[in-house]
Amino acid sequence: MAGKRKKPSVKRTKPKAKAGKPVAKAKAKAKAKPKAKAKPKAKAKPKAKAKPKAKAKPAKRARPKSRARVHDTEVVPAIIDDAVPTPVADDTFSSTGRRRAMTARDWSTRSSPVVEILDDPHPIGALRRFLDSIKGPATEQQAQIALGSAQLMLLPIARESRGGPEVKELVDLVLERWIDFGTMSMGFHAQEFLRNAFAAVGVDRPRIARLEAAVPPGAASELLFQVAGAHAVARDKVAMLRAVEDALGAGAAPADFRRDHDFAPYANDPDLAVLLARADLPTIPVDVDSYLPAVRNALETLVSSLAELGESVELRPPVRLDTILDAERAARISLPNDYRALLATTNGMRVWDREFLATGDFREPTALAMRAHRYLHGELAAAGLSDCVPLASWGGPNDWLLYDPRGRVRRGDPGYVVMLDTDEIPVADLAAALVWLEALARDERGTN
């Protein structure tokens with residue numbers, strides 16, 4: 001029984017041995033599998049992992065070239081950032097891609113809303129959209145934006161098309177919202193808008209009346225002067241004379257009315273002449289002799305000091321008193337007696353880098369006279385300068401020795417004032433000015 005059982009077991013081993021051959025082969029193949037595993041090749045997958053190159057997806061952002069997806073919230077900011085300058089838009093995109101109207105807060109928080117309004121292809125339309133975005137009373141900032149934009153728009157319009165449709169549209173647009181500006185309607189920006197509007201409105205009595213109703217109490221003389229000019233252009237003599245009187249009372253100079261082109265049709269009008277004559281600068285009674293000693297002493301000291309310092313001095317022959325008074329009448333001015341005394345000693349002079357006006361400078365448009373005129377009547381001239389009488393250039397282009405006949409620049413009584421750019425320095429009299437000039441020369445030369 002046992003032997004019989006062993007035979008099958010032997011027989012069974014043979015098939016196993018046969019089956020073992022494939023197993024051995026499989027083992028051989030398994031040993032050869034390093035070729036199949038070729039893991040070094042698998043490690044060569046960094047080619048596929050070359051994500052640094054894939055990260056160079058900024059190239060894919062070239063989508064704005066097509067810009068077909070306008071409502072894509074990721075694309076719109078890029079389009080806006082690319083615009084230089086950024087135009088004023090009447091709407092913007094919400095986070096859902098839908099259009100929404102800009103609010104007054106949106107407008108006021110923009111980087112430079114005044115510039116954006118002015119740079120818009122249709123600036124009046126941009127200003128209208130801005131005003132429409134304000135619901136109720138405007139804030140101080142919103143009022144400044146609106147009034148500042150409007151008054152800057154009026155400057156070129158007034159020159160190119162006075163009284164044209166753009167002027168009327170702009171004036172109406174701002175006046176419609178005037179009440180919403182609150183206290184700002186009486187401030188600087190409002191007065192500048194009104195001043196430019198009066199200069200630009202042309203022959204338009206109804207709009208002039210509306211603008212005049214917006215003029216605040218205690219308005220500056222420059223604004224009241226433009227009110228009178230607007231009435232003159234509109235040929236409303238009664239309103240013009242009333243406005244001229246108001247402007248003169250606020251400190252406007254009669255000479256400004258005589259030379260302004262808007263008042264040319266009334267150059268020979270007796271009623272206007274009476275108003276201007278009444279407001280002309282007060283005449284100074286002639287009393288030269290009592291001032292001669294002090295002026296001559298200060299002048300001699302100055303000239304000798306400058307000679308010591310090696311500075312140039314140019315004195316000119318004196319003139320008679322009647323020549324001085326003739327020059328005053330021609331210029332419609334009244335010189336102080338100590339300057340009359342100087343002209344009776346030297347008719348103008350150049351000392352160091354200062355040049356004093358002669359009688360000819362008051363009568364004719366000499367180079368020195370024109371420089372003085374540009375300074376006193378320029379667009380950036382300070383209030384009250386147009387009343388002043390120029391006496392000497394005082395170094396720099398914006399440095400002058402003036403006589404202030406009303407005391408508006410000195411903020412007090414009439415008298416001398418030295419203007420150094422925008423700084424005013426009151427001086428007691430001409431002798432004191434000459435002494436100061438000597439001290440300046442000595443300080444600068446380092447010999448004092």
# chains A, B, ... in the order shown; residues from 1 in each chain; ligands from 1
>>> residues_around(residues="Tyr375 (chain A)", least_positions_apart="6", cutoff="10 Å", atoms="only C-alpha atoms", output="PyMOL selection string")
chain A and resi 369+381-382+385-386+390+397-400
>>> residues_around(residues="Gly187 (chain A)", least_positions_apart="2", cutoff="12 Å", atoms="only C-alpha atoms", output="JSON, numbers by chain")
{"A": [140, 143, 144, 147, 148, 181, 182, 183, 184, 185, 189, 190, 191, 192, 193, 194, 214, 215, 216, 217, 218, 219, 220]}
>>> write_last_selection(atoms="N, CA and C atoms", output="PDB file, in the first residue's frame")
ATOM      1  N   GLU A 140     -17.957 118.470  -0.241  1.00  0.00           N
ATOM      2  CA  GLU A 140     -16.997 119.518  -0.576  1.00  0.00           C
ATOM      3  C   GLU A 140     -16.084 119.082  -1.723  1.00  0.00           C
ATOM      4  N   ALA A 143     -18.032 119.050  -5.046  1.00  0.00           N
ATOM      5  CA  ALA A 143     -18.249 120.413  -5.537  1.00  0.00           C
ATOM      6  C   ALA A 143     -16.973 120.977  -6.151  1.00  0.00           C
ATOM      7  N   GLN A 144     -15.828 120.710  -5.526  1.00  0.00           N
ATOM      8  CA  GLN A 144     -14.557 121.187  -6.072  1.00  0.00           C
ATOM      9  C   GLN A 144     -14.263 120.546  -7.426  1.00  0.00           C
ATOM     10  N   LEU A 147     -16.872 122.194 -10.024  1.00  0.00           N
ATOM     11  CA  LEU A 147     -16.601 123.604 -10.317  1.00  0.00           C
ATOM     12  C   LEU A 147     -15.219 123.779 -10.930  1.00  0.00           C
ATOM     13  N   GLY A 148     -14.241 123.020 -10.442  1.00  0.00           N
ATOM     14  CA  GLY A 148     -12.899 123.113 -11.008  1.00  0.00           C
ATOM     15  C   GLY A 148     -12.858 122.672 -12.459  1.00  0.00           C
ATOM     16  N   PHE A 181     -24.303 122.692  -4.351  1.00  0.00           N
ATOM     17  CA  PHE A 181     -22.909 122.917  -3.954  1.00  0.00           C
ATOM     18  C   PHE A 181     -22.792 123.538  -2.566  1.00  0.00           C
ATOM     19  N   GLY A 182     -23.907 123.968  -1.996  1.00  0.00           N
ATOM     20  CA  GLY A 182     -23.909 124.485  -0.629  1.00  0.00           C
ATOM     21  C   GLY A 182     -22.978 125.672  -0.439  1.00  0.00           C
ATOM     22  N   THR A 183     -22.208 125.630   0.647  1.00  0.00           N
ATOM     23  CA  THR A 183     -21.305 126.741   0.953  1.00  0.00           C
ATOM     24  C   THR A 183     -20.180 126.870  -0.074  1.00  0.00           C
ATOM     25  N   MET A 184     -19.907 125.775  -0.802  1.00  0.00           N
ATOM     26  CA  MET A 184     -18.854 125.838  -1.820  1.00  0.00           C
ATOM     27  C   MET A 184     -19.235 126.768  -2.970  1.00  0.00           C
ATOM     28  N   SER A 185     -20.516 127.101  -3.099  1.00  0.00           N
ATOM     29  CA  SER A 185     -20.940 128.017  -4.157  1.00  0.00           C
ATOM     30  C   SER A 185     -20.488 129.448  -3.893  1.00  0.00           C
ATOM     31  N   HIS A 189     -13.395 128.276  -5.991  1.00  0.00           N
ATOM     32  CA  HIS A 189     -13.673 127.592  -7.249  1.00  0.00           C
ATOM     33  C   HIS A 189     -14.953 128.122  -7.890  1.00  0.00           C
ATOM     34  N   ALA A 190     -15.946 128.423  -7.065  1.00  0.00           N
ATOM     35  CA  ALA A 190     -17.199 128.965  -7.602  1.00  0.00           C
ATOM     36  C   ALA A 190     -16.984 130.335  -8.220  1.00  0.00           C
ATOM     37  N   GLN A 191     -16.213 131.191  -7.554  1.00  0.00           N
ATOM     38  CA  GLN A 191     -15.972 132.534  -8.093  1.00  0.00           C
ATOM     39  C   GLN A 191     -15.136 132.472  -9.368  1.00  0.00           C
ATOM     40  N   GLU A 192     -14.204 131.521  -9.433  1.00  0.00           N
ATOM     41  CA  GLU A 192     -13.431 131.367 -10.664  1.00  0.00           C
ATOM     42  C   GLU A 192     -14.316 130.898 -11.816  1.00  0.00           C
ATOM     43  N   PHE A 193     -15.246 129.973 -11.516  1.00  0.00           N
ATOM     44  CA  PHE A 193     -16.185 129.541 -12.556  1.00  0.00           C
ATOM     45  C   PHE A 193     -17.023 130.730 -13.043  1.00  0.00           C
ATOM     46  N   LEU A 194     -17.567 131.511 -12.114  1.00  0.00           N
ATOM     47  CA  LEU A 194     -18.405 132.643 -12.500  1.00  0.00           C
ATOM     48  C   LEU A 194     -17.602 133.666 -13.297  1.00  0.00           C
ATOM     49  N   ALA A 214     -25.949 134.329  -8.920  1.00  0.00           N
ATOM     50  CA  ALA A 214     -25.094 133.393  -8.177  1.00  0.00           C
ATOM     51  C   ALA A 214     -23.870 134.054  -7.569  1.00  0.00           C
ATOM     52  N   VAL A 215     -23.614 135.330  -7.879  1.00  0.00           N
ATOM     53  CA  VAL A 215     -22.432 136.023  -7.338  1.00  0.00           C
ATOM     54  C   VAL A 215     -22.621 136.217  -5.832  1.00  0.00           C
ATOM     55  N   PRO A 216     -21.678 135.758  -5.021  1.00  0.00           N
ATOM     56  CA  PRO A 216     -21.853 135.859  -3.562  1.00  0.00           C
ATOM     57  C   PRO A 216     -21.613 137.272  -3.050  1.00  0.00           C
ATOM     58  N   PRO A 217     -22.157 137.618  -1.898  1.00  0.00           N
ATOM     59  CA  PRO A 217     -21.856 138.928  -1.301  1.00  0.00           C
ATOM     60  C   PRO A 217     -20.365 139.046  -0.997  1.00  0.00           C
ATOM     61  N   GLY A 218     -19.839 140.251  -1.160  1.00  0.00           N
ATOM     62  CA  GLY A 218     -18.423 140.473  -0.888  1.00  0.00           C
ATOM     63  C   GLY A 218     -17.506 139.821  -1.895  1.00  0.00           C
ATOM     64  N   ALA A 219     -17.966 139.669  -3.129  1.00  0.00           N
ATOM     65  CA  ALA A 219     -17.148 139.041  -4.171  1.00  0.00           C
ATOM     66  C   ALA A 219     -15.910 139.881  -4.463  1.00  0.00           C
ATOM     67  N   ALA A 220     -14.878 139.224  -4.969  1.00  0.00           N
ATOM     68  CA  ALA A 220     -13.625 139.909  -5.287  1.00  0.00           C
ATOM     69  C   ALA A 220     -13.829 140.885  -6.440  1.00  0.00           C
TER      70      ALA A 220
END
>>> closest_atom_pairs(of="region 191-299 of chain A", to="region 344-352 of chain A", cutoff="9 Å", atoms="only C-alpha atoms", output="CSV")
residue,atom,partner,partner_atom,distance
A:Val288,CA,A:Ala344,CA,8.6
A:Leu292,CA,A:Thr345,CA,8.3
A:Val295,CA,A:Thr345,CA,8.8
A:Arg296,CA,A:Thr345,CA,7.4
>>> write_last_selection(atoms="N, CA and C atoms", output="short mmCIF file (atom, residue, chain, number, x, y, z; two decimals), in the first residue's frame")
data_model
loop_
_atom_site.label_atom_id
_atom_site.label_comp_id
_atom_site.auth_asym_id
_atom_site.auth_seq_id
_atom_site.Cartn_x
_atom_site.Cartn_y
_atom_site.Cartn_z
N VAL A 288 7.85 169.20 -3.41
CA VAL A 288 9.11 168.52 -3.70
C VAL A 288 10.24 169.00 -2.80
N LEU A 292 13.72 166.97 -0.84
CA LEU A 292 15.00 166.91 -1.55
C LEU A 292 16.19 166.57 -0.66
N VAL A 295 16.37 162.75 0.27
CA VAL A 295 16.57 161.89 -0.90
C VAL A 295 18.00 162.03 -1.41
N ARG A 296 18.52 163.25 -1.51
CA ARG A 296 19.87 163.46 -2.02
C ARG A 296 20.91 162.86 -1.09
#
>>> select_by_dssp(residues="region 80-305 of chain A", states="strand (DSSP E or B)", output="MDAnalysis selection string")
chainID A and resid 91:93 99:101
>>> residues_around(residues="region 150-155 of chain A", least_positions_apart="4", cutoff="10 Å", atoms="only C-alpha atoms", output="VMD selection string")
chain A and resid 114 117 to 118 123 to 124 127 144 to 146 159 to 162 166 to 167 170 to 171 173 to 174 189 to 201
>>> atom_distance(atom1="CA of Gly384 (chain A)", atom2="CA of Val409 (chain A)")
5.7 Å
>>> residues_around(residues="Ala428 (chain A)", least_positions_apart="4", cutoff="8 Å", atoms="only C-alpha atoms", output="compact mmCIF listing (two decimals) with C-alpha atoms, in the first residue's frame")
# COMPACT_ATOMS: atom_id res chain seq x y z
CA GLY A 415 3.04 154.10 0.82
CA TYR A 416 6.04 152.20 -0.54
CA ALA A 432 14.57 154.13 3.52
CA ALA A 433 14.45 152.06 0.33
>>> atom_distance(atom1="CA of Arg340 (chain A)", atom2="CA of Leu275 (chain A)")
28.3 Å
>>> select_by_dssp(residues="region 87-301 of chain A", states="alpha helix (DSSP H)", output="ChimeraX atom specification")
/A:104-108,113-119,123-132,140-160,165-176,188-200,205-213,221-233,237-249,254-259,270-279,292-301
>>> closest_residue(among="A:Leu309, A:Leu276, A:Ala253, A:Leu430", to="Asp338 (chain A)", atoms="only C-alpha atoms")
A:Leu430
>>> residues_around(residues="region 257-260 of chain A", least_positions_apart="3", cutoff="9 Å", atoms="only C-alpha atoms", output="list in words")
Phe225, Gly229, Val244, Ala252, Ala253, Pro254, Phe263, Ala264, Ala267 and Leu276 of chain A
>>> write_last_selection(atoms="C-alpha atoms", output="compact mmCIF listing (two decimals), in the first residue's frame")
# COMPACT_ATOMS: atom_id res chain seq x y z
CA PHE A 225 -15.07 143.48 -13.13
CA GLY A 229 -17.69 143.42 -18.83
CA VAL A 244 -18.82 149.18 -12.75
CA ALA A 252 -11.03 147.58 -9.23
CA ALA A 253 -8.74 150.09 -10.93
CA PRO A 254 -10.32 152.66 -13.29
CA PHE A 263 -15.63 148.51 -22.70
CA ALA A 264 -14.38 150.00 -26.00
CA ALA A 267 -14.86 154.74 -24.35
CA LEU A 276 -14.04 156.34 -13.50
>>> residues_around(residues="Pro265 (chain A)", least_positions_apart="2", cutoff="9 Å", atoms="only C-alpha atoms", output="list in words")
Ala232, Val233, Arg235, His261, Asp262, Phe263, Ala267, Asn268 and Asp269 of chain A
>>> residues_around(residues="Pro426 (chain A)", least_positions_apart="6", cutoff="7 Å", atoms="only C-alpha atoms", output="list in words")
Arg410, Tyr416, Val417 and Val418 of chain A
